[in-house]
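Asker: Structure in structure tokens, see below.
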Amino acid sequence: MLTLRFATLALTMSAGAVLAQSPAVPLEFPAEAKPLAADDLRQRVSGKVFRVKTAAGAAWRLQYQAAGSFYINVGSFSDSGKWRIEDSKLCSEPQKSPAACNEMRLAGDALYLKRDSGEIIKFEPN
């Protein structure tokens with residue numbers, strides 16, 4: 001799972017607790033969401049660009065190269081690194097932030113990721 005814990009996006013412990021208590025922050029995958037096989041998840045992410053909007057309002061642009069590198073832009077912040085799939089998890093090793101593996105699920109054609117904070121975010125194709 002790609003819980004991108006970038007320094008500019010990382011929540012403090014208290015902010016994480018506030019998010020977890022906020023009714024506007026989805027903390028569960030949609031009821032119909034199912035885990036994906038590693039190969040299926042890899043095909044759905046590889047070579048794609050996604051937009052994500054967090055409950056806090058941050059807009060992310062994520063790009064996953066087929067060769068295993070990724071790029072993220074959030075406002076004026078950017079980072080890059082390596083990505084891989086482990087089971088139904090999207091794992092990233094950014095240069096500026098700690099590595100993470102986050103559970104992803106599929107509901108219809110939509111991909112969802114569970115961040116380290118517990119927030120569920122939707123990956124929108126760009």
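Ordering of the structure tokens sets the chain letters (A, B, ...); residue numbers start at 1 within each chain; ligands are numbered from 1 in the order shown.
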Residues near Asp109 (chain A), anyone? I mean within 12 Å using only C-alpha atoms, not counting same-chain ones fewer than 4 positions away, as a PyMOL selection string.

Answerer: chain A and resi 32-34+36+41+44+105+122-125

Asker: For Asn73 (chain A), please output as a list of chain:residue names all residues within 10 Å (counting only C-alpha atoms; exclusion window: fewer than 3 positions along the same chain).

Answerer: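 Skipping anything fewer than 3 positions along the chain leaves A:Arg51, A:Ala59, A:Trp60, A:Arg61, A:Leu62, A:Gln63, A:Ser76, A:Phe77, A:Ser78, A:Asp79, A:Ser80.
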
Asker: Just to be explicit: take each residue in the selection above, keep N, CA and C atoms, and write the result as a tab-separated table (two decimals), in the first residue's frame.

Answerer:
chain	number	residue	atom	x	y	z
A	51	ARG	N	-4.55	10.81	-9.98
A	51	ARG	CA	-4.80	11.95	-9.11
A	51	ARG	C	-5.42	11.39	-7.84
A	59	ALA	N	-3.95	17.67	-2.94
A	59	ALA	CA	-4.10	17.04	-4.26
A	59	ALA	C	-2.75	16.45	-4.66
A	60	TRP	N	-2.73	15.16	-4.92
A	60	TRP	CA	-1.51	14.46	-5.33
A	60	TRP	C	-1.60	14.10	-6.80
A	61	ARG	N	-0.44	14.07	-7.44
A	61	ARG	CA	-0.31	13.50	-8.79
A	61	ARG	C	0.75	12.42	-8.66
A	62	LEU	N	0.38	11.18	-8.97
A	62	LEU	CA	1.26	10.02	-8.86
A	62	LEU	C	1.46	9.39	-10.22
A	63	GLN	N	2.70	9.10	-10.55
A	63	GLN	CA	3.03	8.47	-11.83
A	63	GLN	C	3.88	7.24	-11.56
A	76	SER	N	4.04	22.29	-4.33
A	76	SER	CA	5.42	22.53	-4.74
A	76	SER	C	6.36	21.39	-4.31
A	77	PHE	N	5.86	20.42	-3.57
A	77	PHE	CA	6.67	19.28	-3.13
A	77	PHE	C	6.66	18.20	-4.21
A	78	SER	N	7.82	17.59	-4.43
A	78	SER	CA	7.89	16.45	-5.33
A	78	SER	C	8.89	15.45	-4.78
A	79	ASP	N	8.73	14.22	-5.18
A	79	ASP	CA	9.63	13.15	-4.76
A	79	ASP	C	9.57	12.06	-5.82
A	80	SER	N	10.53	11.16	-5.75
A	80	SER	CA	10.54	10.03	-6.67
A	80	SER	C	11.26	8.88	-5.98

Asker: Can you work out the spacing between CA of Ala24 (chain A) and CA of Pro98 (chain A) in Å, to one decimal?

Answerer: 26.6 Å

Asker: Between A:Asn102, A:Gln43, A:Ser88, A:Gln95, which has the minimum distance to Tyr71 (chain A) (counting only C-alpha atoms)?

Answerer: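 The answer is A:Gln95, which sits nearest to Tyr71 (chain A).
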
Asker: Out of A:Val74, A:Pro30, A:Tyr64, A:Gly81, which residue has the shortest atom-to-atom distance to Ala99 (chain A) when counting only C-alpha atoms?

Answerer: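 Distance minimum relative to Ala99 (chain A) lands on A:Gly81.
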
Asker: When DSSP works through the backbone of this structure, what residues of chain A end up as strand (DSSP E), shown as a PyMOL selection string?

Answerer: chain A and resi 34-35+48-53+59-64+69-74+77-86+89-94+100-107+110-114+120-125

Asker: In Å, rounded to a single decimal, give me how far CA of Glu103 (chain A) is from CA of Gly118 (chain A).

Answerer: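 Taking CA of Gly118 (chain A) as the start and CA of Glu103 (chain A) as the end point, the length is 10.4 Å.
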
Asker: Would you work out the distance separating CA of Lys53 (chain A) from CA of Asp39 (chain A), expressed in Å to one decimal?

Answerer: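 Computing it gives 25.8 Å between the two atoms.
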